[in-house]
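The structure appears right after this line, and notes come after that.
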Amino acid sequence: MTAAARKIASPVRFEDHIRNVPDFPKKGILFRDISPLLREHFTETLNRMAKLFSTSEWQRIDLIGGIESRGFILAAGLAAMKNKGFVKIRKKGKLPGPVVSRSYGLEYGEDALEMQYGKGGMLIVDDVLATGGTLTAAAELAQESGYLIQGFACLIDLTYLNHFTWQKMKARCLVRYTE
């Protein structure tokens, strides 16, 4: 079997392509850098994220909301792949109004998200699920903006920092770190 055939035959082990960066963005934080994974296996990453949801679940999803900024990359890719609309969930002050705003706690501070009003079934996508504060804020914000939340997808789940559930929905993730 050729190297190319082996690459196709065996699934990518995503953890091997995620770089650990200690003390970033501040001391005591271990940042999971997904840049190498997206550079080398972007299509496979999107394909596997899409498979986290069944055909009937995808039928209820009209739009994919991406959380700034790395969530934009994954959400926009999934939206294009699945022929869905894309909605930006941005940091405060980055979208023209009218917008809805929601503050939330981070693993290393506090922030706020905003989004424009809309409607339809939405899948919320982000790169990393840490404490769950960002996903919770995004869900509440999207609901307040007129969207019906259909699910959550993240590339990475830092399970040691959260037990995320929102209205009985858990985030579906490709990679889980337990420490």
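Order determines the names: the first chain of the structure tokens is A, the second B, and so forth; residues in each chain are numbered 1 upward, and ligands are numbered 1 upward as they are shown.
Residues surrounding segment 10-25 of chain A within 9 Å are Ala5, Arg6, Ile29, Leu30, Phe31, Arg32, Asp33, Ile34, Ser35, Pro36, Leu37, Leu38, Glu40, His41, Glu44, Thr45, Tyr108, Leu174, Val175 and Arg176 of chain A [only C-alpha atoms; sequence separation below 4 positions excluded].
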Looking only at the backbone, which of the residues in segment 69-106 of chain A does DSSP tag as alpha helix (DSSP H), as JSON, numbers by chain? {"A": [70, 71, 72, 73, 74, 75, 76, 77, 78, 79, 80, 81, 82]}
Written file, previous selection with C-alpha atoms, as a CSV table (one decimal), in the first residue's frame:
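Below you can see again02.csv, which holds the result:
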chain,number,residue,atom,x,y,z
A,70,ARG,CA,-11.4,30.5,15.1
A,71,GLY,CA,-15.0,29.3,15.3
A,72,PHE,CA,-15.6,31.4,12.1
A,73,ILE,CA,-13.2,29.2,10.2
A,74,LEU,CA,-14.9,25.9,11.2
A,75,ALA,CA,-18.4,27.3,11.0
A,76,ALA,CA,-17.9,28.9,7.6
A,77,GLY,CA,-16.4,25.7,6.2
A,78,LEU,CA,-19.2,23.6,7.6
A,79,ALA,CA,-21.8,26.1,6.2
A,80,ALA,CA,-20.3,25.9,2.7
A,81,MET,CA,-20.0,22.1,2.9
A,82,LYS,CA,-23.6,21.6,4.1
Using only C-alpha atoms, can you tell me which of A:Arg172, A:Lys27, A:Lys88, A:His163 comes closest to Phe53 of chain A?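 With only C-alpha atoms as the atom set, the closest residue is A:Arg172.
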Choose the residue, out of A:Leu161, A:Leu135, A:Val128, A:Leu123, that has the smallest atom-to-atom separation from Ala50 of chain A; count only C-alpha atoms.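 Nearest candidate to Ala50 of chain A out of A:Leu161, A:Leu135, A:Val128, A:Leu123: A:Leu123.
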